[in-house]
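Notes for the one structure printed next.
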Amino acid sequence: MGRPGLNRRQLITGLGGAAVAGSFGFAALGSGADALASDAATRVRYWNLFSGGDGYNMIAMLDAFRREHPGTEVKDSTLQWGSPFYTKLAMAAAGNRAPDLGVMHLGRVTGFSPGRLLDPWDVGLLAKYGVREADFNPALWKRAVVDGKLYALPLDIHVQLCFYRKDVLRKAGLLGDDGRIVPVTSTEEWFDVLKEAKKATKKGLQTIGLWANDQNFQWWFFVAFYTQLGGTWFDAADSDVTFDTDKATQVLEFMRRHITDGYSDPGFAGAAGAEQFLNGSPFCWEGNWSVPVFDGAKTEYGATPLPPVFGKRATHAESHSFVLPHQSGRGGDANEAAHELAAYVVRHAQQWAAGGHIPAYTPTLSTAAYKKLEPQNEYVSAMDHQATEPKVWFAGSTGILAQRVGPIAASSMLGSARPEAAARRMRSTLAELLAMKNPMDGRTAAQAGAAA
Amino acid sequence: MTTTTPQAVLAPTRARTAADSPTARRRQGFQHGGWFVAPFLVLFALFVIWPLLRGVYLSLTDANISGDGAGFVGLDNYREALHDQLMWDALGHSAYFTLLVVPCITVLALLLALLAHHIERGKWLWRLCFFIPFLLPSTVAGNLWQWLFNPGTGMVNYLFGLDTPWLTGTSYAMLAVVITTLWWTVGFSFLLYLAALQNIPAHLYEAAELDGANVWHRMVHITLPMLRNITGLVIALQILASLQVFDQAVVMQDFGPGPEGSTRTFVQYTLEEGFTSYRVGYASAISIIFFVIIAAVALARMWLLRNREEDAR
């Protein structure tokens, strides 16, 4: 709070809040009445976490569905992204007030108590509406299956990308004949590229923006490069840590070198890295959701998956997927309409791709319309080499794993911990997490092993 | 207190009746006053006492966010908390913030109040300027200073020709939160001081001036002693509020814990454990620990003040 107890302003804020909450109540009543008054026979309540450009694209897709399915009313609610969303979804499911359809990050599904807070998809119904396992990348589909049942229907994968300015790289002689960045296959090649690019960079700009102080981004980059080295996390039974501290040290040293060699300025961390990119900084490592931002700025740029500096290709990937929050009496028309809506959006994800995401439904990827999208067509291969967090209850976007291990990666990046010491801390943290019980069902990752 | 109240002087002159007996008067007092405080008591019980008791109960269980399947675990959560480095770090950050904010805000509020009290022209403008930031919601104040501290495009580094990583450096991130808080909340303490300054009788200064006291003497021997009570109040309120720091810190770090967790405060850590990690039982345990710490600080302050009052008597 940072301020003394209740005062006039807080009182007014409180009253204002009550008034707003009240008006929401009436708004809800209003829409309920609308639903009764409308001709729609079925009503699907759908919670999502998409704001900004993603929100715009999702609403456009929902509107298209509404036009084609006048018999179904879609009542969509956009909630605050991140932990607040998962908290509301869990409480709604536990209290049997869950919506008919929801969205989650795929990595969070294992920890979200499938079977108790989530209901499995009816694969037969999905097939009826045109979505089959064969239409998905096998690795992606496998991640959505828990205990032999499908608990998530992937909509996309979103990945970490290496954005580059074509104008600066052309000046530095780093652009191939195809107008794309020259290939990089080792750390030395990568630092040579940075060295040349730096020479062509305007004064006052850093060479590459990579969110040096951000625990999430540092963790995502770590996952990508550690996977490139073939690193593993736990054994098959999730009972032992197989994390390789030597490989981790190599990754952390590689990341740290961007700062010590002067290519990245930790002072320009965070969103400032993207600002610098728009101002003429040659490189920026960012999520694919930045595509609309850079498109809007009319910058001449390209985007590839993170460079395969350790030989093998791998870039960090998470996935937005549809889920069925647990309802005690799930079934009937609303449930079928939820299947129909999710299948429709998954199959019509061309609009979604405009937001930078790679559609999970593979037939979309081979359409002429998708192949024309730039720079999406340059990084679509990321679908085939996804680096993901281990499939355990504490993993997934903004989950406990990222919260606990991310800061360690960031501290090595910023130089307050030596890479080898950070790697050892990562390993001991992973061991602690493995021994920890999932608060949702009281089982450790190993005890839940059969379920994964 | 040794002063005699008017009632005490008048009482012996009236004939004593049964209704005047202390017990009856207490009963009568409750009949009248009880109804006035009842709504408060009901709300207090509902929103403070009940959640507190419920929190104590939850802290002894392994409850999760979904509210079912909670088992009794005894003092396990408390035992875990004792060895939880992240919790101690978070407590350290809240304490560090408090140590920086409380003295600074007290001195700053006093200086601003003195300035606003003595200045003749445009008095209202000064008061408005010092107080108005306090009216902003925390999100606005946090976002505003996030822009000002932006290393690349922010005004702070630009104006002072600095290259300081305000929001991204481990040793600066909390300092940035402190500066934001000073600007944002000093208005409240400023107002308390200003009111107190206006209550100091002018004749004290006139008498001192006749005795040849200069500005410094008047400040040290009249103003500061007369402001002692209000200073105690400002310090107490600020300590309690600062220990609970949360919103400006999370807004300035985009809801993250800051570089290497350096702005993760105790309240934020409790929230993370309860609502991100879904460990409601554990989050309850650490919030009870925090409650005890804050209550201890408040009691210690009361005890110190009581001793001082007794000394003064």
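Just remember, in the structure tokens the first chain shown is A, the second B, etc., residues are 1-based per chain, and ligands are 1-based in the order shown.
The environment of segment 322-337 of chain A within 7 Å, counting only C-alpha atoms and disregarding residues fewer than 4 places along the same chain, consists of Thr42, Arg43, Val44, Ala93, Asn96, Ala98, Pro99, Asp100, Leu101, Gly102, Val103, Met104, Arg116, Leu117, Leu118, Asp119, Pro120, Tyr151, Ala152, Leu153, Pro154, Leu155, Leu341 and Ala342 of chain A.
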Just the selected residues (N, CA, C and O atoms), exported as a CSV table (one decimal), in the first residue's frame, please.
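So the final result, stored in part_5.csv, reads:
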chain,number,residue,atom,x,y,z
A,42,THR,N,-28.4,-22.0,-28.2
A,42,THR,CA,-27.3,-22.4,-27.4
A,42,THR,C,-26.4,-21.3,-27.0
A,42,THR,O,-26.2,-20.4,-27.9
A,43,ARG,N,-25.9,-21.3,-25.8
A,43,ARG,CA,-25.1,-20.2,-25.4
A,43,ARG,C,-23.8,-20.8,-24.9
A,43,ARG,O,-23.8,-21.7,-24.0
A,44,VAL,N,-22.6,-20.3,-25.4
A,44,VAL,CA,-21.3,-20.8,-25.0
A,44,VAL,C,-20.6,-19.6,-24.2
A,44,VAL,O,-20.4,-18.5,-24.8
A,93,ALA,N,-13.7,-23.2,-11.6
A,93,ALA,CA,-13.9,-24.7,-11.8
A,93,ALA,C,-14.2,-25.4,-10.5
A,93,ALA,O,-15.0,-26.3,-10.4
A,96,ASN,N,-17.7,-24.8,-9.3
A,96,ASN,CA,-18.7,-25.2,-10.3
A,96,ASN,C,-19.4,-24.1,-11.0
A,96,ASN,O,-20.6,-24.1,-11.2
A,98,ALA,N,-17.8,-22.7,-13.7
A,98,ALA,CA,-16.8,-22.6,-14.8
A,98,ALA,C,-17.5,-22.3,-16.1
A,98,ALA,O,-18.7,-22.7,-16.3
A,99,PRO,N,-16.8,-21.5,-17.0
A,99,PRO,CA,-17.4,-21.2,-18.3
A,99,PRO,C,-17.3,-22.5,-19.1
A,99,PRO,O,-16.7,-23.5,-18.7
A,100,ASP,N,-18.0,-22.5,-20.3
A,100,ASP,CA,-18.0,-23.7,-21.1
A,100,ASP,C,-16.7,-23.9,-21.8
A,100,ASP,O,-16.4,-25.1,-22.2
A,101,LEU,N,-16.0,-22.8,-22.1
A,101,LEU,CA,-14.7,-23.0,-22.8
A,101,LEU,C,-13.7,-22.0,-22.2
A,101,LEU,O,-14.1,-20.9,-21.8
A,102,GLY,N,-12.4,-22.4,-22.2
A,102,GLY,CA,-11.4,-21.5,-21.7
A,102,GLY,C,-10.1,-21.6,-22.5
A,102,GLY,O,-10.0,-22.5,-23.4
A,103,VAL,N,-9.2,-20.7,-22.2
A,103,VAL,CA,-7.9,-20.8,-22.9
A,103,VAL,C,-6.8,-20.9,-21.8
A,103,VAL,O,-6.9,-20.4,-20.7
A,104,MET,N,-5.8,-21.7,-22.1
A,104,MET,CA,-4.6,-21.9,-21.2
A,104,MET,C,-3.3,-22.0,-22.0
A,104,MET,O,-3.4,-22.4,-23.1
A,116,ARG,N,-9.9,-32.8,-12.5
A,116,ARG,CA,-10.7,-32.2,-11.4
A,116,ARG,C,-11.0,-30.8,-11.7
A,116,ARG,O,-12.2,-30.4,-11.5
A,117,LEU,N,-10.1,-30.0,-12.2
A,117,LEU,CA,-10.4,-28.6,-12.6
A,117,LEU,C,-10.6,-28.5,-14.1
A,117,LEU,O,-11.1,-27.5,-14.6
A,118,LEU,N,-10.1,-29.6,-14.9
A,118,LEU,CA,-10.3,-29.6,-16.3
A,118,LEU,C,-11.0,-30.8,-16.7
A,118,LEU,O,-10.8,-31.9,-16.2
A,119,ASP,N,-11.9,-30.7,-17.7
A,119,ASP,CA,-12.6,-31.9,-18.3
A,119,ASP,C,-11.9,-32.2,-19.6
A,119,ASP,O,-11.4,-31.4,-20.3
A,120,PRO,N,-11.8,-33.5,-19.9
A,120,PRO,CA,-11.2,-33.9,-21.2
A,120,PRO,C,-12.0,-33.6,-22.4
A,120,PRO,O,-13.3,-33.5,-22.3
A,151,TYR,N,-6.6,-33.1,-22.9
A,151,TYR,CA,-7.1,-32.1,-22.0
A,151,TYR,C,-6.9,-30.6,-22.6
A,151,TYR,O,-7.4,-29.7,-22.0
A,152,ALA,N,-6.2,-30.5,-23.7
A,152,ALA,CA,-6.0,-29.2,-24.3
A,152,ALA,C,-6.0,-29.3,-25.8
A,152,ALA,O,-5.5,-30.3,-26.4
A,153,LEU,N,-6.7,-28.4,-26.5
A,153,LEU,CA,-6.7,-28.4,-27.9
A,153,LEU,C,-5.8,-27.2,-28.4
A,153,LEU,O,-6.2,-26.0,-28.2
A,154,PRO,N,-4.6,-27.5,-28.9
A,154,PRO,CA,-3.7,-26.4,-29.2
A,154,PRO,C,-4.2,-25.5,-30.3
A,154,PRO,O,-4.7,-25.9,-31.4
A,155,LEU,N,-4.1,-24.2,-30.1
A,155,LEU,CA,-4.5,-23.2,-31.1
A,155,LEU,C,-3.3,-22.7,-31.9
A,155,LEU,O,-3.3,-22.4,-33.1
A,341,LEU,N,-17.1,-24.5,-31.5
A,341,LEU,CA,-16.4,-23.1,-31.5
A,341,LEU,C,-14.9,-23.3,-31.5
A,341,LEU,O,-14.2,-22.7,-32.3
A,342,ALA,N,-14.4,-24.1,-30.6
A,342,ALA,CA,-12.9,-24.3,-30.5
A,342,ALA,C,-12.4,-24.9,-31.8
A,342,ALA,O,-11.4,-24.4,-32.3
Up to 8 Å from chain B, what residues of chain A turn up? Count only C-alpha atoms and give them as number ranges by chain.
A: 1-5, 9, 83-84, 86-87, 90-91, 93-95, 213-215, 266-269, 272, 399-400, 407-408, 410-411, 439-441
Distance in Å - atom CA of Lys171 of chain A versus atom CA of Thr304 of chain A
19.1 Å
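Of the residues listed (A:Phe222, A:Phe191, A:Phe294, A:Tyr129), A:Phe191 shows the shortest atom-to-atom separation from Asp261 of chain A; distances use only C-alpha atoms.
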Taking 5 positions as the minimum chain separation for residues in the same chain, which residues sit within 12 Å of segment 41-54 of chain B when counting only C-alpha atoms? Answer as an mmCIF file with N, CA, C and O atoms, in the first residue's frame.
data_model
loop_
_atom_site.group_PDB
_atom_site.id
_atom_site.type_symbol
_atom_site.label_atom_id
_atom_site.label_comp_id
_atom_site.auth_asym_id
_atom_site.auth_seq_id
_atom_site.Cartn_x
_atom_site.Cartn_y
_atom_site.Cartn_z
ATOM 1 N N GLY B 33 -24.347 4.233 23.381
ATOM 2 C CA GLY B 33 -23.174 4.183 22.497
ATOM 3 C C GLY B 33 -23.076 2.889 21.709
ATOM 4 O O GLY B 33 -22.601 2.881 20.580
ATOM 5 N N GLY B 34 -23.542 1.810 22.312
ATOM 6 C CA GLY B 34 -23.422 0.497 21.684
ATOM 7 C C GLY B 34 -24.023 0.462 20.302
ATOM 8 O O GLY B 34 -23.429 -0.081 19.359
ATOM 9 N N TRP B 35 -25.186 1.105 20.171
ATOM 10 C CA TRP B 35 -25.843 1.094 18.863
ATOM 11 C C TRP B 35 -25.051 1.885 17.830
ATOM 12 O O TRP B 35 -25.087 1.567 16.658
ATOM 13 N N PHE B 36 -24.342 2.888 18.331
ATOM 14 C CA PHE B 36 -23.554 3.683 17.377
ATOM 15 C C PHE B 36 -22.371 2.890 16.827
ATOM 16 O O PHE B 36 -22.036 2.997 15.663
ATOM 17 N N SER B 59 -3.582 -21.651 7.780
ATOM 18 C CA SER B 59 -2.122 -21.754 7.872
ATOM 19 C C SER B 59 -1.704 -23.108 8.451
ATOM 20 O O SER B 59 -0.547 -23.486 8.376
ATOM 21 N N LEU B 60 -2.637 -23.817 9.051
ATOM 22 C CA LEU B 60 -2.319 -25.128 9.623
ATOM 23 C C LEU B 60 -2.720 -26.258 8.672
ATOM 24 O O LEU B 60 -2.723 -27.427 9.033
ATOM 25 N N THR B 61 -3.108 -25.891 7.440
ATOM 26 C CA THR B 61 -3.532 -26.893 6.455
ATOM 27 C C THR B 61 -2.700 -26.767 5.178
ATOM 28 O O THR B 61 -1.905 -25.828 5.049
ATOM 29 N N ALA B 63 -4.138 -26.242 2.262
ATOM 30 C CA ALA B 63 -5.217 -25.804 1.361
ATOM 31 C C ALA B 63 -4.657 -25.273 0.048
ATOM 32 O O ALA B 63 -3.598 -24.649 0.024
ATOM 33 N N VAL B 280 -2.321 -21.924 -0.803
ATOM 34 C CA VAL B 280 -3.076 -21.034 0.080
ATOM 35 C C VAL B 280 -2.695 -21.258 1.552
ATOM 36 O O VAL B 280 -2.556 -20.311 2.319
ATOM 37 N N GLY B 281 -2.484 -22.517 1.932
ATOM 38 C CA GLY B 281 -2.105 -22.819 3.311
ATOM 39 C C GLY B 281 -0.788 -22.162 3.677
ATOM 40 O O GLY B 281 -0.674 -21.475 4.706
ATOM 41 N N SER B 284 -1.053 -18.411 3.809
ATOM 42 C CA SER B 284 -1.699 -17.984 5.051
ATOM 43 C C SER B 284 -0.682 -17.973 6.184
ATOM 44 O O SER B 284 -0.642 -17.042 6.992
ATOM 45 N N ALA B 285 0.157 -19.009 6.226
ATOM 46 C CA ALA B 285 1.149 -19.089 7.299
ATOM 47 C C ALA B 285 2.099 -17.901 7.253
ATOM 48 O O ALA B 285 2.359 -17.260 8.282
ATOM 49 N N SER B 287 1.571 -15.037 5.901
ATOM 50 C CA SER B 287 0.897 -13.766 6.193
ATOM 51 C C SER B 287 0.622 -13.635 7.691
ATOM 52 O O SER B 287 0.626 -12.522 8.219
ATOM 53 N N ILE B 288 0.438 -14.768 8.379
ATOM 54 C CA ILE B 288 0.284 -14.692 9.838
ATOM 55 C C ILE B 288 1.621 -14.251 10.464
ATOM 56 O O ILE B 288 1.660 -13.413 11.369
ATOM 57 N N ILE B 289 2.713 -14.793 9.924
ATOM 58 C CA ILE B 289 4.031 -14.381 10.421
ATOM 59 C C ILE B 289 4.198 -12.871 10.241
ATOM 60 O O ILE B 289 4.643 -12.151 11.136
ATOM 61 N N PHE B 291 1.829 -10.675 9.985
ATOM 62 C CA PHE B 291 0.902 -10.010 10.908
ATOM 63 C C PHE B 291 1.558 -9.861 12.278
ATOM 64 O O PHE B 291 1.513 -8.788 12.898
ATOM 65 N N VAL B 292 2.197 -10.928 12.731
ATOM 66 C CA VAL B 292 2.848 -10.887 14.047
ATOM 67 C C VAL B 292 3.970 -9.852 14.054
ATOM 68 O O VAL B 292 4.118 -9.076 15.002
#
Surrounding residues of Thr187 of chain A excluding itself and chain neighbours under 3 positions, 7 Å, only C-alpha atoms, as a list in words:
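Answer for this query is Trp190, Phe191, Val309 and Phe310 of chain A.
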